[in-house]
$ cat coords15.cif   # mmCIF, C-alpha atoms
data_start
#
loop_
_atom_site.label_atom_id
_atom_site.label_comp_id
_atom_site.auth_asym_id
_atom_site.auth_seq_id
_atom_site.Cartn_x
_atom_site.Cartn_y
_atom_site.Cartn_z
CA MET A 1 80.57 100.58 81.31
CA THR A 2 78.32 99.87 84.26
CA ASP A 3 79.34 102.81 86.48
CA LYS A 4 79.20 100.96 89.74
CA THR A 5 81.33 101.66 92.80
CA LEU A 6 82.79 98.69 94.60
CA THR A 7 83.75 98.91 98.26
CA ARG A 8 85.50 96.78 100.88
CA MET A 9 82.26 94.82 101.15
CA ASP A 10 82.47 93.69 97.52
CA LEU A 11 86.10 92.66 97.97
CA SER A 12 85.36 90.65 101.12
CA GLU A 13 82.35 89.10 99.37
CA ALA A 14 84.70 87.97 96.57
CA VAL A 15 87.12 86.50 99.13
CA PHE A 16 84.19 84.82 100.89
CA ARG A 17 83.09 83.17 97.63
CA GLU A 18 86.63 82.15 96.68
CA VAL A 19 87.75 80.59 99.97
CA GLY A 20 85.58 78.83 102.53
CA LEU A 21 85.93 81.42 105.29
CA SER A 22 83.28 83.29 107.23
CA ARG A 23 82.17 86.70 105.93
CA ASN A 24 83.63 88.22 109.04
CA GLU A 25 87.06 86.70 108.58
CA SER A 26 87.02 87.54 104.87
CA ALA A 27 86.42 91.20 105.76
CA GLU A 28 89.25 91.12 108.30
CA LEU A 29 91.66 89.70 105.74
CA VAL A 30 90.80 92.40 103.19
CA GLU A 31 91.46 95.00 105.88
CA SER A 32 94.70 93.32 106.83
CA VAL A 33 95.95 93.39 103.22
CA LEU A 34 95.18 97.11 102.93
CA ASP A 35 96.81 97.78 106.32
CA HIS A 36 100.03 96.00 105.39
CA ILE A 37 100.28 97.89 102.11
CA SER A 38 99.63 101.19 103.93
CA ASP A 39 102.18 100.44 106.67
CA ALA A 40 104.90 99.61 104.15
CA LEU A 41 104.20 102.86 102.26
CA VAL A 42 104.22 104.91 105.46
CA ASP A 43 107.65 103.36 106.18
CA GLY A 44 108.72 104.75 102.81
CA GLU A 45 108.79 101.34 101.13
CA GLN A 46 107.69 100.71 97.56
CA VAL A 47 104.91 98.12 97.17
CA LYS A 48 105.15 96.11 93.96
CA ILE A 49 102.28 93.81 93.10
CA SER A 50 103.19 91.89 89.96
CA SER A 51 100.58 92.06 87.15
CA PHE A 52 98.66 94.67 89.20
CA GLY A 53 100.87 97.70 89.72
CA THR A 54 103.38 99.55 91.89
CA PHE A 55 102.67 101.98 94.71
CA SER A 56 105.53 104.33 95.46
CA VAL A 57 106.09 107.25 97.76
CA ARG A 58 107.61 110.45 96.41
CA ASP A 59 109.00 113.39 98.33
CA LYS A 60 107.91 116.78 97.07
CA ASN A 61 109.87 119.92 97.86
CA GLU A 62 108.33 123.16 98.98
CA ARG A 63 107.04 125.28 96.11
CA ILE A 64 105.12 128.51 95.75
CA GLY A 65 101.45 128.14 95.02
CA ARG A 66 98.72 130.68 94.57
CA ASN A 67 95.33 130.99 96.17
CA PRO A 68 93.20 130.89 93.01
CA LYS A 69 90.51 133.03 94.61
CA THR A 70 92.65 135.88 95.96
CA GLY A 71 95.74 135.53 93.75
CA GLU A 72 97.82 135.57 96.91
CA GLU A 73 101.11 133.62 96.88
CA VAL A 74 101.32 130.90 99.49
CA PRO A 75 104.09 128.39 100.11
CA ILE A 76 103.08 124.75 99.61
CA THR A 77 104.86 122.82 102.33
CA PRO A 78 107.13 119.85 101.47
CA ARG A 79 105.16 116.62 101.55
CA ARG A 80 105.15 112.95 100.73
CA VAL A 81 102.76 111.80 98.03
CA LEU A 82 101.75 108.36 96.87
CA THR A 83 101.72 107.40 93.21
CA PHE A 84 100.32 104.26 91.63
CA ARG A 85 101.71 102.93 88.37
CA PRO A 86 99.44 100.30 86.88
CA SER A 87 101.15 97.25 85.37
CA HIS A 88 101.02 96.62 81.63
CA LEU A 89 98.57 93.81 82.21
CA MET A 90 96.17 96.08 84.12
CA LYS A 91 96.49 98.87 81.55
CA ASP A 92 95.73 96.43 78.76
CA LYS A 93 92.72 94.96 80.55
CA VAL A 94 91.30 98.39 81.39
CA ALA A 95 91.85 99.68 77.86
CA ALA A 96 90.29 96.56 76.30
CA GLY A 97 87.30 96.57 78.65
CA ASN A 98 86.43 100.25 78.13
CA LYS A 99 86.52 100.52 74.34
CA MET B 1 107.42 94.88 99.53
CA ILE B 2 106.31 92.58 96.74
CA ARG B 3 103.26 90.36 96.30
CA SER B 4 104.94 87.23 97.71
CA GLU B 5 106.12 89.12 100.82
CA LEU B 6 102.63 90.43 101.42
CA ILE B 7 101.26 86.89 101.14
CA GLN B 8 103.95 85.60 103.53
CA THR B 9 103.18 88.30 106.13
CA ILE B 10 99.46 87.52 106.04
CA ALA B 11 100.18 83.77 106.21
CA ASP B 12 102.45 84.25 109.25
CA GLU B 13 99.70 86.19 111.02
CA ASN B 14 97.08 83.55 110.23
CA PRO B 15 98.67 80.17 111.06
CA HIS B 16 95.23 78.52 110.85
CA LEU B 17 95.08 79.20 107.09
CA TYR B 18 96.83 77.23 104.39
CA GLN B 19 99.46 79.23 102.52
CA ARG B 20 97.71 78.45 99.23
CA ASP B 21 94.45 79.88 100.60
CA VAL B 22 96.21 83.07 101.67
CA GLU B 23 97.58 83.25 98.13
CA ARG B 24 94.08 82.90 96.71
CA ILE B 25 92.75 85.55 99.09
CA VAL B 26 95.40 88.12 98.18
CA ASN B 27 95.11 87.35 94.46
CA THR B 28 91.31 87.59 94.61
CA ILE B 29 91.51 91.09 96.07
CA PHE B 30 93.77 92.41 93.31
CA ASP B 31 91.90 90.53 90.55
CA GLU B 32 88.60 91.91 91.78
CA ILE B 33 89.94 95.48 91.57
CA THR B 34 91.36 94.91 88.08
CA ASN B 35 88.14 93.32 86.84
CA ALA B 36 86.03 96.14 88.27
CA LEU B 37 88.13 98.71 86.39
CA ALA B 38 88.02 96.63 83.22
CA GLN B 39 84.23 96.88 83.42
CA GLY B 40 84.39 100.62 83.86
CA ASN B 41 83.59 100.52 87.59
CA ARG B 42 85.24 102.38 90.46
CA VAL B 43 86.67 100.81 93.60
CA GLU B 44 86.51 103.02 96.64
CA LEU B 45 88.42 101.91 99.73
CA ARG B 46 87.86 104.60 102.35
CA GLY B 47 91.02 105.64 104.14
CA PHE B 48 93.20 103.86 101.59
CA GLY B 49 92.22 105.31 98.25
CA ALA B 50 90.04 104.96 95.19
CA PHE B 51 90.73 103.26 91.85
CA SER B 52 88.92 104.64 88.84
CA VAL B 53 89.11 104.76 85.06
CA LYS B 54 90.05 107.95 83.23
CA LYS B 55 89.35 108.55 79.57
CA ARG B 56 92.13 109.85 77.38
CA GLU B 57 91.16 111.64 74.18
CA ALA B 58 92.63 110.59 70.86
CA ARG B 59 95.66 112.73 70.01
CA VAL B 60 98.48 113.09 67.55
CA GLY B 61 101.65 111.84 69.16
CA ARG B 62 105.19 111.67 67.93
CA ASN B 63 107.64 108.86 67.59
CA PRO B 64 110.45 110.25 69.76
CA ARG B 65 113.09 108.45 67.73
CA THR B 66 112.05 109.47 64.23
CA GLY B 67 109.91 112.53 64.94
CA ASP B 68 107.10 111.07 62.81
CA SER B 69 103.52 112.00 63.71
CA VAL B 70 101.39 109.08 64.81
CA GLN B 71 97.70 108.93 65.56
CA VAL B 72 97.12 107.78 69.18
CA ASP B 73 93.60 106.42 69.69
CA ALA B 74 91.36 107.41 72.59
CA LYS B 75 91.80 105.02 75.47
CA ALA B 76 90.88 104.36 79.08
CA VAL B 77 93.58 104.26 81.75
CA PRO B 78 93.51 103.14 85.40
CA PHE B 79 93.87 105.90 87.99
CA PHE B 80 94.46 105.84 91.75
CA LYS B 81 93.72 108.65 94.16
CA THR B 82 95.16 108.32 97.66
CA GLY B 83 92.66 108.39 100.51
CA LYS B 84 92.73 111.11 103.13
CA LEU B 85 93.80 108.91 106.04
CA LEU B 86 96.70 107.35 104.12
CA ARG B 87 97.76 110.76 102.77
CA ASP B 88 97.81 112.10 106.34
CA ARG B 89 99.68 109.07 107.61
CA LEU B 90 102.34 109.50 104.91
CA ASN B 91 102.89 112.98 106.29
CA GLY B 92 102.96 111.96 109.94
CA LYS B 93 99.58 113.49 110.71
CA ALA B 94 97.65 110.42 111.77
#
$ encode --input "coords15.cif" --output "structure tokens"
Amino acid sequence: MTDKTLTRMDLSEAVFREVGLSRNESAELVESVLDHISDALVDGEQVKISSFGTFSVRDKNERIGRNPKTGEEVPITPRRVLTFRPSHLMKDKVAAGNK
Amino acid sequence: MIRSELIQTIADENPHLYQRDVERIVNTIFDEITNALAQGNRVELRGFGAFSVKKREARVGRNPRTGDSVQVDAKAVPFFKTGKLLRDRLNGKA
């Protein structure tokens, strides 16, 4: 456990090291990958990345919630939520690395 | 969309790159996220979402077929929280 937070910069740095592109272009490609995944999800598509995981969009119906402070009942509007299911490979790696 | 389609889309948009380099780029991104989580790190991608590791306590589970009690060890699992921008976009707000 090192408790570090990686950002886009770390991902583009990894791409920069892996392929002989400029830092700038590496950053653009990272952004482009995230954008394409987002666009597909916004279109309601499932995004399946083998050995990584699956992003899927679920529709949630309206339900009654409660304001925890006042106890007042408020309707929670129907919405679309994103779920990520890690692949077996990722689950195994994460479990093995954090023993 | 699957991994190969994502690679193809990026390759089509970047005709100056070799397909195999686009493959390496896309694979590097996902490998980097997986490796970060395997080391107990977080990956925060503003607007998209954040990957983190959650600890699960040891518990007594049950074999659903036989009903036998089984000890399930504590473990760490990957977790993804959707970013605000993407959450809003999914609901037509951005």
$ resolve_selection --input "coords15.cif" --expression "the PyMOL selection byres ((chain B) within 8 of (chain A))" --output "PyMOL selection string"
chain B and resi 1-3+6+10+21+24-26+28-30+32-45+48+53+75-80+82+86-87+89-91
$ resolve_selection --input "coords15.cif" --expression "the PyMOL selection byres ((chain B and resi 71) around 9)" --output "mmCIF file with C-alpha atoms, in the coordinates of the input"
data_model
loop_
_atom_site.group_PDB
_atom_site.id
_atom_site.type_symbol
_atom_site.label_atom_id
_atom_site.label_comp_id
_atom_site.auth_asym_id
_atom_site.auth_seq_id
_atom_site.Cartn_x
_atom_site.Cartn_y
_atom_site.Cartn_z
ATOM 1 C CA ALA B 58 92.630 110.590 70.860
ATOM 2 C CA ARG B 59 95.660 112.730 70.010
ATOM 3 C CA VAL B 60 98.480 113.090 67.550
ATOM 4 C CA GLY B 61 101.650 111.840 69.160
ATOM 5 C CA ARG B 62 105.190 111.670 67.930
ATOM 6 C CA SER B 69 103.520 112.000 63.710
ATOM 7 C CA VAL B 70 101.390 109.080 64.810
ATOM 8 C CA VAL B 72 97.120 107.780 69.180
ATOM 9 C CA ASP B 73 93.600 106.420 69.690
#
$ axis_aligned_box --input "coords15.cif" --around "region 50-53 of chain B" --padding-each-side "5 Å" --output "lines of an AutoDock Vina configuration file"
center_x = 89.8
center_y = 104.1
center_z = 90.1
size_x = 11.8
size_y = 11.7
size_z = 20.1
$ closest_residue --input "coords15.cif" --among "B:Ala50, B:Ser4, B:Asn27, B:Ala11" --to "Gly83 (chain B)" --atoms "all atoms listed in the file"
B:Ala50
$ atom_distance --input "coords15.cif" --atom1 "CA of His88 (chain A)" --atom2 "CA of Asp31 (chain B)"
14.1 Å
$ atom_distance --input "coords15.cif" --atom1 "CA of Lys84 (chain B)" --atom2 "CA of Phe51 (chain B)"
13.9 Å
$ atom_distance --input "coords15.cif" --atom1 "CA of Ala94 (chain B)" --atom2 "CA of Ile76 (chain A)"
19.6 Å
$ residues_near_point --input "coords15.cif" --point "(112.7, 126.0, 94.6)" --cutoff "12 Å" --atoms "all atoms listed in the file" --output "PyMOL selection string"
chain A and resi 60-65+75-78
$ write_last_selection --input "coords15.cif" --atoms "C-alpha atoms" --output "PDB file, in the frame of the given file"
ATOM      1  CA  LYS A  60     107.910 116.780  97.070  1.00  0.00           C
ATOM      2  CA  ASN A  61     109.870 119.920  97.860  1.00  0.00           C
ATOM      3  CA  GLU A  62     108.330 123.160  98.980  1.00  0.00           C
ATOM      4  CA  ARG A  63     107.040 125.280  96.110  1.00  0.00           C
ATOM      5  CA  ILE A  64     105.120 128.510  95.750  1.00  0.00           C
ATOM      6  CA  GLY A  65     101.450 128.140  95.020  1.00  0.00           C
ATOM      7  CA  PRO A  75     104.090 128.390 100.110  1.00  0.00           C
ATOM      8  CA  ILE A  76     103.080 124.750  99.610  1.00  0.00           C
ATOM      9  CA  THR A  77     104.860 122.820 102.330  1.00  0.00           C
ATOM     10  CA  PRO A  78     107.130 119.850 101.470  1.00  0.00           C
TER      11      PRO A  78
END
